[in-house]
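Colleague: Pasting entry11.pdb here (PDB, C-alpha atoms, pLDDT in the B column):
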ATOM      1  CA  MET A1401      36.792  20.226   1.715  1.00 51.00           C
ATOM      2  CA  VAL A1402      36.115  16.502   1.450  1.00 44.00           C
ATOM      3  CA  THR A1403      35.703  16.267   5.222  1.00 53.00           C
ATOM      4  CA  TYR A1404      33.298  19.230   5.163  1.00 43.00           C
ATOM      5  CA  LEU A1405      31.172  17.661   2.424  1.00 44.00           C
ATOM      6  CA  ARG A1406      31.058  14.351   4.274  1.00 54.00           C
ATOM      7  CA  ALA A1407      29.938  16.141   7.430  1.00 51.00           C
ATOM      8  CA  LYS A1408      27.203  17.957   5.516  1.00 54.00           C
ATOM      9  CA  LYS A1409      26.098  14.694   3.939  1.00 57.00           C
ATOM     10  CA  THR A1410      25.888  13.058   7.357  1.00 67.00           C
ATOM     11  CA  ASP A1411      23.944  16.003   8.793  1.00 73.00           C
ATOM     12  CA  LEU A1412      21.481  15.875   5.897  1.00 80.00           C
ATOM     13  CA  ALA A1413      21.025  12.137   6.356  1.00 79.00           C
ATOM     14  CA  ARG A1414      20.326  12.608  10.070  1.00 83.00           C
ATOM     15  CA  THR A1415      17.758  15.323   9.314  1.00 87.00           C
ATOM     16  CA  VAL A1416      15.952  13.078   6.839  1.00 89.00           C
ATOM     17  CA  LEU A1417      15.940  10.175   9.302  1.00 86.00           C
ATOM     18  CA  ARG A1418      14.507  12.405  12.022  1.00 89.00           C
ATOM     19  CA  LEU A1419      11.768  13.742   9.727  1.00 92.00           C
ATOM     20  CA  PHE A1420      10.789  10.209   8.742  1.00 93.00           C
ATOM     21  CA  HIS A1421      11.473   8.472  12.026  1.00 92.00           C
ATOM     22  CA  PRO A1422       9.535   5.178  12.386  1.00 92.00           C
ATOM     23  CA  LEU A1423       7.513   6.692  15.243  1.00 93.00           C
ATOM     24  CA  LEU A1424       6.251   9.434  12.919  1.00 95.00           C
ATOM     25  CA  ILE A1425       5.215   7.263   9.960  1.00 95.00           C
ATOM     26  CA  PRO A1426       1.789   6.283  11.448  1.00 94.00           C
ATOM     27  CA  ILE A1427       1.002   9.983  11.930  1.00 95.00           C
ATOM     28  CA  TYR A1428       1.908  10.770   8.318  1.00 95.00           C
ATOM     29  CA  ASN A1429      -0.265   7.844   7.287  1.00 92.00           C
ATOM     30  CA  ILE A1430      -3.358   9.306   8.985  1.00 93.00           C
ATOM     31  CA  LEU A1431      -2.676  12.667   7.341  1.00 93.00           C
ATOM     32  CA  LEU A1432      -2.357  10.928   3.967  1.00 90.00           C
ATOM     33  CA  PHE A1433      -5.812   9.375   4.361  1.00 87.00           C
ATOM     34  CA  TYR A1434      -7.246  12.814   5.137  1.00 89.00           C
ATOM     35  CA  VAL A1435      -5.497  14.621   2.284  1.00 85.00           C
ATOM     36  CA  LEU A1436      -6.835  12.036  -0.162  1.00 80.00           C
ATOM     37  CA  GLY A1437     -10.347  12.547   1.213  1.00 79.00           C
ATOM     38  CA  PHE A1438     -10.740   8.975   2.438  1.00 80.00           C
ATOM     39  CA  ILE A1439     -11.575   9.994   6.017  1.00 85.00           C
ATOM     40  CA  ASN A1440     -13.376  13.109   7.186  1.00 88.00           C
ATOM     41  CA  LEU A1441     -12.101  15.737   9.617  1.00 91.00           C
ATOM     42  CA  TYR A1442     -13.743  14.060  12.626  1.00 91.00           C
ATOM     43  CA  HIS A1443     -12.105  10.692  11.958  1.00 90.00           C
ATOM     44  CA  THR A1444      -8.825  12.466  11.173  1.00 93.00           C
ATOM     45  CA  LEU A1445      -8.798  14.217  14.563  1.00 94.00           C
ATOM     46  CA  ILE A1446      -9.695  10.965  16.313  1.00 93.00           C
ATOM     47  CA  GLY A1447      -7.000   9.138  14.362  1.00 93.00           C
ATOM     48  CA  LEU A1448      -4.342  11.767  15.024  1.00 95.00           C
ATOM     49  CA  THR A1449      -5.140  11.969  18.746  1.00 95.00           C
ATOM     50  CA  TYR A1450      -4.784   8.255  19.357  1.00 96.00           C
ATOM     51  CA  THR A1451      -1.921   7.789  16.900  1.00 95.00           C
ATOM     52  CA  ILE A1452       0.150  10.574  18.459  1.00 96.00           C
ATOM     53  CA  LEU A1453      -0.534   9.092  21.906  1.00 96.00           C
ATOM     54  CA  PHE A1454       0.155   5.456  21.078  1.00 95.00           C
ATOM     55  CA  SER A1455       2.715   5.618  18.274  1.00 93.00           C
ATOM     56  CA  LEU A1456       4.757   8.596  19.486  1.00 94.00           C
ATOM     57  CA  LEU A1457       4.300   9.675  23.109  1.00 95.00           C
ATOM     58  CA  ILE A1458       4.055   6.276  24.811  1.00 95.00           C
ATOM     59  CA  PRO A1459       7.078   4.820  22.934  1.00 94.00           C
ATOM     60  CA  LEU A1460       9.132   7.971  23.607  1.00 94.00           C
ATOM     61  CA  LEU A1461       8.281   7.994  27.298  1.00 94.00           C
ATOM     62  CA  SER A1462       9.052   4.267  27.462  1.00 93.00           C
ATOM     63  CA  LEU A1463      12.463   4.824  25.872  1.00 92.00           C
ATOM     64  CA  HIS A1464      13.346   7.554  28.363  1.00 91.00           C
ATOM     65  CA  TRP A1465      12.124   5.390  31.248  1.00 93.00           C
ATOM     66  CA  LEU A1466      14.187   2.413  30.062  1.00 91.00           C
ATOM     67  CA  HIS A1467      17.229   4.661  29.685  1.00 89.00           C
ATOM     68  CA  ALA A1468      16.728   6.100  33.169  1.00 90.00           C
ATOM     69  CA  LYS A1469      16.539   2.570  34.582  1.00 88.00           C
ATOM     70  CA  GLY A1470      19.714   1.554  32.731  1.00 86.00           C
ATOM     71  CA  ALA A1471      17.913  -1.040  30.603  1.00 84.00           C
ATOM     72  CA  ILE A1472      19.163   0.600  27.392  1.00 85.00           C
ATOM     73  CA  SER A1473      22.321   2.599  26.721  1.00 85.00           C
ATOM     74  CA  SER A1474      20.635   5.413  24.782  1.00 82.00           C
ATOM     75  CA  VAL A1475      17.153   6.527  23.719  1.00 83.00           C
ATOM     76  CA  ASP A1476      18.438   6.264  20.132  1.00 80.00           C
ATOM     77  CA  ILE A1477      18.941   2.490  20.762  1.00 82.00           C
ATOM     78  CA  PRO A1478      21.960   2.180  18.442  1.00 77.00           C
ATOM     79  CA  ARG A1479      23.068  -1.136  19.949  1.00 80.00           C
ATOM     80  CA  GLN A1480      21.506  -4.386  18.788  1.00 80.00           C
ATOM     81  CA  GLU A1481      21.075  -5.676  22.344  1.00 82.00           C
ATOM     82  CA  ASP A1482      19.056  -2.585  23.318  1.00 83.00           C
ATOM     83  CA  ARG A1483      16.379  -2.973  20.683  1.00 87.00           C
ATOM     84  CA  VAL A1484      14.191  -5.964  21.556  1.00 88.00           C
ATOM     85  CA  ILE A1485      12.255  -4.467  24.491  1.00 90.00           C
ATOM     86  CA  PRO A1486      11.621  -1.057  22.816  1.00 91.00           C
ATOM     87  CA  TYR A1487      10.468  -2.803  19.629  1.00 92.00           C
ATOM     88  CA  LEU A1488       8.002  -4.953  21.564  1.00 92.00           C
ATOM     89  CA  ILE A1489       6.717  -1.932  23.504  1.00 93.00           C
ATOM     90  CA  CYS A1490       6.132  -0.061  20.235  1.00 94.00           C
ATOM     91  CA  ALA A1491       4.422  -3.098  18.685  1.00 94.00           C
ATOM     92  CA  THR A1492       2.124  -3.427  21.684  1.00 95.00           C
ATOM     93  CA  SER A1493       1.354   0.290  21.578  1.00 95.00           C
ATOM     94  CA  LEU A1494       0.516   0.190  17.854  1.00 94.00           C
ATOM     95  CA  THR A1495      -1.725  -2.826  18.397  1.00 94.00           C
ATOM     96  CA  ALA A1496      -3.541  -1.000  21.198  1.00 95.00           C
ATOM     97  CA  CYS A1497      -3.946   2.017  18.915  1.00 94.00           C
ATOM     98  CA  SER A1498      -5.431  -0.188  16.197  1.00 92.00           C
ATOM     99  CA  ILE A1499      -7.942  -1.676  18.646  1.00 93.00           C
ATOM    100  CA  VAL A1500      -8.951   1.738  19.970  1.00 94.00           C
ATOM    101  CA  LEU A1501      -9.461   3.079  16.437  1.00 92.00           C
ATOM    102  CA  ALA A1502     -11.534   0.024  15.546  1.00 88.00           C
ATOM    103  CA  TYR A1503     -13.805   0.679  18.546  1.00 89.00           C
ATOM    104  CA  ASN A1504     -14.131   4.295  17.397  1.00 86.00           C
ATOM    105  CA  SER A1505     -15.592   3.140  14.053  1.00 80.00           C
ATOM    106  CA  MET A1506     -12.470   3.929  12.046  1.00 84.00           C
ATOM    107  CA  TYR A1507     -12.341   2.394   8.575  1.00 82.00           C
ATOM    108  CA  PRO A1508     -10.656  -1.047   8.657  1.00 83.00           C
ATOM    109  CA  VAL A1509      -8.098  -0.022   6.046  1.00 81.00           C
ATOM    110  CA  VAL A1510      -6.846   2.732   8.381  1.00 86.00           C
ATOM    111  CA  TYR A1511      -6.183   0.605  11.445  1.00 85.00           C
ATOM    112  CA  ALA A1512      -4.969  -2.292   9.284  1.00 88.00           C
ATOM    113  CA  THR A1513      -1.980  -0.123   8.353  1.00 90.00           C
ATOM    114  CA  LEU A1514      -1.171   0.188  12.074  1.00 92.00           C
ATOM    115  CA  TYR A1515      -1.464  -3.569  12.511  1.00 91.00           C
ATOM    116  CA  SER A1516       1.052  -3.977   9.709  1.00 93.00           C
ATOM    117  CA  GLY A1517       3.482  -1.729  11.581  1.00 93.00           C
ATOM    118  CA  ALA A1518       3.016  -3.786  14.751  1.00 94.00           C
ATOM    119  CA  ILE A1519       3.610  -7.056  12.902  1.00 94.00           C
ATOM    120  CA  SER A1520       6.758  -5.615  11.293  1.00 94.00           C
ATOM    121  CA  LEU A1521       8.102  -4.598  14.706  1.00 94.00           C
ATOM    122  CA  ILE A1522       7.430  -8.020  16.209  1.00 94.00           C
ATOM    123  CA  ILE A1523       9.293  -9.715  13.349  1.00 95.00           C
ATOM    124  CA  CYS A1524      12.168  -7.212  13.670  1.00 92.00           C
ATOM    125  CA  SER A1525      12.418  -7.876  17.411  1.00 91.00           C
ATOM    126  CA  LEU A1526      12.742 -11.606  16.743  1.00 92.00           C
ATOM    127  CA  ILE A1527      15.333 -11.095  14.003  1.00 92.00           C
ATOM    128  CA  ASN A1528      17.231  -8.734  16.290  1.00 88.00           C
ATOM    129  CA  PHE A1529      18.210 -11.610  18.589  1.00 86.00           C
ATOM    130  CA  TRP A1530      20.585 -12.753  15.832  1.00 87.00           C
ATOM    131  CA  TRP A1531      20.954  -9.855  13.434  1.00 88.00           C
ATOM    132  CA  LYS A1532      20.713  -6.054  13.354  1.00 87.00           C
ATOM    133  CA  ILE A1533      18.046  -5.067  10.824  1.00 90.00           C
ATOM    134  CA  SER A1534      17.202  -1.477   9.857  1.00 90.00           C
ATOM    135  CA  ILE A1535      13.952  -0.362  11.488  1.00 92.00           C
ATOM    136  CA  HIS A1536      13.930   2.896   9.487  1.00 92.00           C
ATOM    137  CA  THR A1537      13.757   1.087   6.153  1.00 94.00           C
ATOM    138  CA  THR A1538      11.323  -1.455   7.623  1.00 96.00           C
ATOM    139  CA  ALA A1539       8.951   1.359   8.586  1.00 95.00           C
ATOM    140  CA  ILE A1540       9.182   3.210   5.277  1.00 96.00           C
ATOM    141  CA  GLY A1541       8.918  -0.068   3.353  1.00 96.00           C
ATOM    142  CA  CYS A1542       5.787  -0.959   5.314  1.00 95.00           C
ATOM    143  CA  TRP A1543       4.229   2.405   4.472  1.00 95.00           C
ATOM    144  CA  LEU A1544       5.067   2.002   0.786  1.00 94.00           C
ATOM    145  CA  GLY A1545       3.636  -1.527   0.817  1.00 93.00           C
ATOM    146  CA  CYS A1546       0.351  -0.256   2.270  1.00 90.00           C
ATOM    147  CA  VAL A1547       0.116   2.619  -0.219  1.00 89.00           C
ATOM    148  CA  LEU A1548       0.939   0.371  -3.171  1.00 88.00           C
ATOM    149  CA  HIS A1549      -1.709  -2.125  -2.029  1.00 86.00           C
ATOM    150  CA  LEU A1550      -4.289   0.649  -1.984  1.00 83.00           C
ATOM    151  CA  HIS A1551      -3.205   1.694  -5.451  1.00 81.00           C
ATOM    152  CA  VAL A1552      -3.302  -1.684  -7.200  1.00 80.00           C
ATOM    153  CA  VAL A1553      -5.633  -3.867  -5.094  1.00 74.00           C
ATOM    154  CA  TRP A1554      -8.047  -1.786  -3.035  1.00 60.00           C
ATOM    155  CA  PRO A1555     -11.485  -2.199  -4.678  1.00 56.00           C
ATOM    156  CA  PHE A1556     -13.100   1.105  -3.797  1.00 50.00           C
ATOM    157  CA  GLY A1557     -11.030   3.413  -5.963  1.00 50.00           C
ATOM    158  CA  PHE A1558      -8.897   4.786  -3.137  1.00 54.00           C
ATOM    159  CA  PHE A1559      -6.481   6.081  -5.744  1.00 52.00           C
ATOM    160  CA  THR A1560      -7.765   7.742  -8.884  1.00 50.00           C
ATOM    161  CA  SER A1561      -5.447   8.503 -11.769  1.00 49.00           C
ATOM    162  CA  GLY A1562      -4.901  11.974 -10.320  1.00 48.00           C
ATOM    163  CA  ASN A1563      -3.860  10.561  -6.981  1.00 64.00           C
ATOM    164  CA  SER A1564      -1.153   8.454  -8.578  1.00 75.00           C
ATOM    165  CA  LEU A1565       1.011  11.447  -7.719  1.00 80.00           C
ATOM    166  CA  THR A1566       0.665  10.410  -4.071  1.00 82.00           C
ATOM    167  CA  LEU A1567       2.115   6.989  -4.810  1.00 84.00           C
ATOM    168  CA  SER A1568       5.007   8.645  -6.639  1.00 87.00           C
ATOM    169  CA  MET A1569       5.581  10.921  -3.643  1.00 90.00           C
ATOM    170  CA  VAL A1570       5.760   7.983  -1.217  1.00 91.00           C
ATOM    171  CA  VAL A1571       8.129   6.160  -3.598  1.00 93.00           C
ATOM    172  CA  LEU A1572      10.353   9.265  -3.672  1.00 94.00           C
ATOM    173  CA  ILE A1573      10.296   9.575   0.130  1.00 94.00           C
ATOM    174  CA  THR A1574      11.188   5.888   0.389  1.00 94.00           C
ATOM    175  CA  GLY A1575      14.201   6.363  -1.868  1.00 93.00           C
ATOM    176  CA  VAL A1576      15.362   9.367   0.149  1.00 93.00           C
ATOM    177  CA  VAL A1577      15.030   7.514   3.482  1.00 93.00           C
ATOM    178  CA  VAL A1578      16.855   4.429   2.186  1.00 92.00           C
ATOM    179  CA  SER A1579      19.642   6.639   0.805  1.00 90.00           C
ATOM    180  CA  ALA A1580      19.868   8.522   4.105  1.00 88.00           C
ATOM    181  CA  ARG A1581      20.102   5.257   6.020  1.00 89.00           C
ATOM    182  CA  ILE A1582      22.938   4.133   3.762  1.00 87.00           C
ATOM    183  CA  ALA A1583      24.711   7.472   4.263  1.00 84.00           C
ATOM    184  CA  SER A1584      24.350   7.252   8.052  1.00 78.00           C
ATOM    185  CA  GLY A1585      26.631   4.192   8.082  1.00 72.00           C
ATOM    186  CA  GLN A1586      24.795   2.451  10.941  1.00 76.00           C
ATOM    187  CA  HIS A1587      23.820  -0.567   8.836  1.00 79.00           C
ATOM    188  CA  ASN A1588      25.286  -2.454   5.929  1.00 84.00           C
ATOM    189  CA  LEU A1589      23.406  -2.692   2.642  1.00 90.00           C
ATOM    190  CA  VAL A1590      21.988  -6.145   3.354  1.00 92.00           C
ATOM    191  CA  GLN A1591      20.496  -4.990   6.670  1.00 91.00           C
ATOM    192  CA  ILE A1592      19.003  -1.921   5.005  1.00 92.00           C
ATOM    193  CA  TYR A1593      17.454  -3.718   2.044  1.00 93.00           C
ATOM    194  CA  ALA A1594      16.302  -6.650   4.190  1.00 94.00           C
ATOM    195  CA  GLY A1595      14.463  -4.210   6.453  1.00 94.00           C
ATOM    196  CA  PHE A1596      12.807  -2.550   3.471  1.00 95.00           C
ATOM    197  CA  LEU A1597      11.747  -5.863   1.928  1.00 96.00           C
ATOM    198  CA  LEU A1598      10.337  -7.123   5.221  1.00 96.00           C
ATOM    199  CA  GLY A1599       8.318  -3.960   5.818  1.00 96.00           C
ATOM    200  CA  PHE A1600       7.101  -3.811   2.231  1.00 96.00           C
ATOM    201  CA  LEU A1601       5.835  -7.400   2.200  1.00 95.00           C
ATOM    202  CA  VAL A1602       4.099  -7.066   5.576  1.00 95.00           C
ATOM    203  CA  GLY A1603       2.513  -3.741   4.598  1.00 93.00           C
ATOM    204  CA  PHE A1604       1.297  -5.018   1.244  1.00 91.00           C
ATOM    205  CA  CYS A1605      -0.046  -8.334   2.552  1.00 89.00           C
ATOM    206  CA  MET A1606      -1.596  -7.168   5.832  1.00 84.00           C
ATOM    207  CA  LEU A1607      -4.155  -4.956   4.096  1.00 79.00           C
ATOM    208  CA  PHE A1608      -5.834  -8.062   2.737  1.00 75.00           C
ATOM    209  CA  MET A1609      -7.343  -8.361   6.218  1.00 68.00           C
ATOM    210  CA  CYS A1610      -9.638  -5.489   5.210  1.00 63.00           C
ATOM    211  CA  ALA A1611     -11.462  -7.875   2.908  1.00 53.00           C
ATOM    212  CA  LEU A1612     -12.473  -9.882   6.004  1.00 53.00           C
ATOM    213  CA  GLN A1613     -14.138  -6.922   7.716  1.00 55.00           C
TER     214      GLN A1613
END
Can I see the file as structure tokens?

Modeller:
Amino acid sequence: MVTYLRAKKTDLARTVLRLFHPLLIPIYNILLFYVLGFINLYHTLIGLTYTILFSLLIPLLSLHWLHAKGAISSVDIPRQEDRVIPYLICATSLTACSIVLAYNSMYPVVYATLYSGAISLIICSLINFWWKISIHTTAIGCWLGCVLHLHVVWPFGFFTSGNSLTLSMVVLITGVVVSARIASGQHNLVQIYAGFLLGFLVGFCMLFMCALQ
């Protein structure tokens, strides 16, 4: 019975981590902007098209290509030594996506969130030379940092009192992802919380660049 419950717990954790994979967070972010009415349908479709291409398809194809060439042991990149090149590819792809969205007249606050993801990945790739940090909690922490910034700092009333529910939802999702990462057993607690703190600080601070636009 205990073994069965542990297996179910592990399966649930894996499902959560797949649903909120770092490659999917930028897509959820674009949808969040649309649901809150901050961008219209046209900008949403533009944002989704480029975000799916740059944050999901290109990184996935790159992972499979690297695996086929023997550069990494698995597309899941569980080993520390496999992670630097994929992280840098994803960071470059997110940066390219941000630039493309900027040229398509997307609001600065939207592509600034993608820049924050790219910066987080670059920092993680550097840390990864010495230490294995959790990219899942980095990604979800970055998203929470961006959303919290919009809630407490953003000057144009991005969040009204009614939309505080959205912040609560992202906080809840963050807690679930962190718990799932702990349950997966692939990182120790320090690596998990360090990833979250890194992502959160980058996400919260990077949106200040919007004030320069």

Colleague: Residues at most 8 Å from region 1478-1489 of chain A, counting only C-alpha atoms, excluding those fewer than 4 positions away in the same chain, as JSON, numbers by chain?

Modeller: {"A": [1459, 1462, 1463, 1471, 1472, 1473, 1474, 1493, 1521, 1522, 1524, 1525, 1526, 1528, 1529, 1531, 1532]}

Colleague: Would you mind exporting the chosen residues as a PDB file, in the frame of the given file, restricted to C-alpha atoms?

Modeller:
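Written file, selection-v1.pdb:
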ATOM      1  CA  PRO A1459       7.078   4.820  22.934  1.00 94.00           C
ATOM      2  CA  SER A1462       9.052   4.267  27.462  1.00 93.00           C
ATOM      3  CA  LEU A1463      12.463   4.824  25.872  1.00 92.00           C
ATOM      4  CA  ALA A1471      17.913  -1.040  30.603  1.00 84.00           C
ATOM      5  CA  ILE A1472      19.163   0.600  27.392  1.00 85.00           C
ATOM      6  CA  SER A1473      22.321   2.599  26.721  1.00 85.00           C
ATOM      7  CA  SER A1474      20.635   5.413  24.782  1.00 82.00           C
ATOM      8  CA  SER A1493       1.354   0.290  21.578  1.00 95.00           C
ATOM      9  CA  LEU A1521       8.102  -4.598  14.706  1.00 94.00           C
ATOM     10  CA  ILE A1522       7.430  -8.020  16.209  1.00 94.00           C
ATOM     11  CA  CYS A1524      12.168  -7.212  13.670  1.00 92.00           C
ATOM     12  CA  SER A1525      12.418  -7.876  17.411  1.00 91.00           C
ATOM     13  CA  LEU A1526      12.742 -11.606  16.743  1.00 92.00           C
ATOM     14  CA  ASN A1528      17.231  -8.734  16.290  1.00 88.00           C
ATOM     15  CA  PHE A1529      18.210 -11.610  18.589  1.00 86.00           C
ATOM     16  CA  TRP A1531      20.954  -9.855  13.434  1.00 88.00           C
ATOM     17  CA  LYS A1532      20.713  -6.054  13.354  1.00 87.00           C
TER      18      LYS A1532
END

Colleague: Considering all atoms listed in the file, return as a ChimeraX atom specification whatever protein or nucleic-acid residues lie within 12 Å of region 1579-1581 of chain A, sequence-local ones (same chain, fewer than 2 positions apart) excluded.

Modeller: /A:1409-1421,1533-1538,1540,1572-1577,1583-1593,1595-1596

Colleague: Residue by residue, what does the PyMOL selection byres ((chain A and resi 1516) around 9) grab here? Present the result as a ChimeraX atom specification.

Modeller: /A:1511-1515,1517-1521,1542-1543,1546,1599,1602-1607

Colleague: For the residues selected in the previous step, produce a file with C-alpha atoms as a PDB file, keeping the file's coordinate frame.

Modeller:
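Contents of result.pdb, as written:
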ATOM      1  CA  TYR A1511      -6.183   0.605  11.445  1.00 85.00           C
ATOM      2  CA  ALA A1512      -4.969  -2.292   9.284  1.00 88.00           C
ATOM      3  CA  THR A1513      -1.980  -0.123   8.353  1.00 90.00           C
ATOM      4  CA  LEU A1514      -1.171   0.188  12.074  1.00 92.00           C
ATOM      5  CA  TYR A1515      -1.464  -3.569  12.511  1.00 91.00           C
ATOM      6  CA  GLY A1517       3.482  -1.729  11.581  1.00 93.00           C
ATOM      7  CA  ALA A1518       3.016  -3.786  14.751  1.00 94.00           C
ATOM      8  CA  ILE A1519       3.610  -7.056  12.902  1.00 94.00           C
ATOM      9  CA  SER A1520       6.758  -5.615  11.293  1.00 94.00           C
ATOM     10  CA  LEU A1521       8.102  -4.598  14.706  1.00 94.00           C
ATOM     11  CA  CYS A1542       5.787  -0.959   5.314  1.00 95.00           C
ATOM     12  CA  TRP A1543       4.229   2.405   4.472  1.00 95.00           C
ATOM     13  CA  CYS A1546       0.351  -0.256   2.270  1.00 90.00           C
ATOM     14  CA  GLY A1599       8.318  -3.960   5.818  1.00 96.00           C
ATOM     15  CA  VAL A1602       4.099  -7.066   5.576  1.00 95.00           C
ATOM     16  CA  GLY A1603       2.513  -3.741   4.598  1.00 93.00           C
ATOM     17  CA  PHE A1604       1.297  -5.018   1.244  1.00 91.00           C
ATOM     18  CA  CYS A1605      -0.046  -8.334   2.552  1.00 89.00           C
ATOM     19  CA  MET A1606      -1.596  -7.168   5.832  1.00 84.00           C
ATOM     20  CA  LEU A1607      -4.155  -4.956   4.096  1.00 79.00           C
TER      21      LEU A1607
END

Colleague: Measuring atom to atom with all atoms listed in the file, identify which of A:Phe1608, A:Ile1477, A:His1551, A:Leu1436 is nearest to His1464 (chain A).

Modeller: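 Closest to His1464 (chain A), using all atoms listed in the file: A:Ile1477.
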
Colleague: I'd like the neighbourhood of Thr1449 (chain A) as a PyMOL selection string, where a residue qualifies if any of its atoms comes within 12 Å (using only C-alpha atoms), though same-chain residues fewer than 4 positions away should be ignored.

Modeller: chain A and resi 1426-1427+1430-1431+1442-1445+1453-1457+1497+1500-1501+1504

Colleague: Quick check, in Å to one decimal: how far apart do CA of Val1552 (chain A) and CA of Ile1582 (chain A) lie?

Modeller: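 About the pair CA of Val1552 (chain A) and CA of Ile1582 (chain A): they are 29.0 Å apart.
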
Colleague: Nearest to Ile1446 (chain A): which of A:Val1475, A:Ala1496, A:Leu1423, A:Met1506 is it, counting all atoms listed in the file?

Modeller: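 Once distances to Ile1446 (chain A) are computed over all atoms listed in the file, the minimum belongs to A:Met1506.
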
Colleague: Rounded to one decimal in Å, what is the spacing between CA of Leu1494 (chain A) and CA of Leu1448 (chain A)?

Modeller: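 That distance, rounded to one decimal, is 12.9 Å.
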
Colleague: Padding of 6 Å on every side, edges along x, y and z, all listed atoms of region 1443-1446 of chain A included: what centre and edge lengths in Å, to one decimal, does that box have, as lines of an AutoDock Vina configuration file?

Modeller:
center_x = -10.5
center_y = 12.5
center_z = 13.7
size_x = 15.3
size_y = 15.5
size_z = 17.1

Colleague: Would you compute the distance between CA of Leu1601 (chain A) and CA of Leu1432 (chain A)? Give it in Å to one decimal.

Modeller: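 Value for the CA of Leu1601 (chain A)-CA of Leu1432 (chain A) distance: 20.2 Å.
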
Colleague: Which is closer to Leu1548 (chain A) than all the others in A:Gly1447, A:Pro1508, A:Ile1425, A:Phe1600, using only C-alpha atoms?

Modeller: A:Phe1600

Colleague: For Thr1495 (chain A), which residue out of A:Tyr1450, A:Val1547, A:Phe1438, A:Leu1565 is the nearest one, using all atoms listed in the file?

Modeller: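 Smallest distance to Thr1495 (chain A) is found for A:Tyr1450.
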
Colleague: I need the residue nearest Thr1566 (chain A) from this list: A:Ile1458, A:Leu1550, A:Ala1539, A:Val1578. Use only C-alpha atoms for the distance.

Modeller: A:Leu1550

Colleague: Pick from A:Val1509, A:Val1553, A:Ile1452, A:Leu1544: nearest to Leu1597 (chain A), with all atoms listed in the file counted?

Modeller: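 Residue with the minimum atom-to-atom distance to Leu1597 (chain A): A:Leu1544.
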
Colleague: What would region 1483-1495 of chain A look like with N, CA and C atoms in place, written as a short mmCIF file (atom, residue, chain, number, x, y, z; two decimals), in the frame of the given file?

Modeller:
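Final file, result.cif:
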data_model
loop_
_atom_site.label_atom_id
_atom_site.label_comp_id
_atom_site.auth_asym_id
_atom_site.auth_seq_id
_atom_site.Cartn_x
_atom_site.Cartn_y
_atom_site.Cartn_z
N ARG A 1483 17.52 -3.24 21.54
CA ARG A 1483 16.38 -2.97 20.68
C ARG A 1483 15.15 -3.84 20.93
N VAL A 1484 15.31 -5.03 21.48
CA VAL A 1484 14.19 -5.96 21.56
C VAL A 1484 13.03 -5.41 22.39
N ILE A 1485 13.32 -4.96 23.61
CA ILE A 1485 12.26 -4.47 24.49
C ILE A 1485 11.56 -3.23 23.91
N PRO A 1486 12.30 -2.20 23.43
CA PRO A 1486 11.62 -1.06 22.82
C PRO A 1486 10.76 -1.45 21.61
N TYR A 1487 11.25 -2.37 20.78
CA TYR A 1487 10.47 -2.80 19.63
C TYR A 1487 9.15 -3.43 20.06
N LEU A 1488 9.21 -4.29 21.09
CA LEU A 1488 8.00 -4.95 21.56
C LEU A 1488 7.03 -3.97 22.22
N ILE A 1489 7.57 -2.97 22.92
CA ILE A 1489 6.72 -1.93 23.50
C ILE A 1489 5.99 -1.16 22.40
N CYS A 1490 6.74 -0.80 21.35
CA CYS A 1490 6.13 -0.06 20.24
C CYS A 1490 5.09 -0.92 19.51
N ALA A 1491 5.38 -2.20 19.35
CA ALA A 1491 4.42 -3.10 18.68
C ALA A 1491 3.14 -3.21 19.50
N THR A 1492 3.30 -3.35 20.81
CA THR A 1492 2.12 -3.43 21.68
C THR A 1492 1.32 -2.14 21.63
N SER A 1493 2.02 -1.01 21.61
CA SER A 1493 1.35 0.29 21.58
C SER A 1493 0.60 0.49 20.26
N LEU A 1494 1.19 0.08 19.15
CA LEU A 1494 0.52 0.19 17.85
C LEU A 1494 -0.71 -0.72 17.79
N THR A 1495 -0.58 -1.91 18.36
CA THR A 1495 -1.72 -2.83 18.40
C THR A 1495 -2.87 -2.23 19.21
#
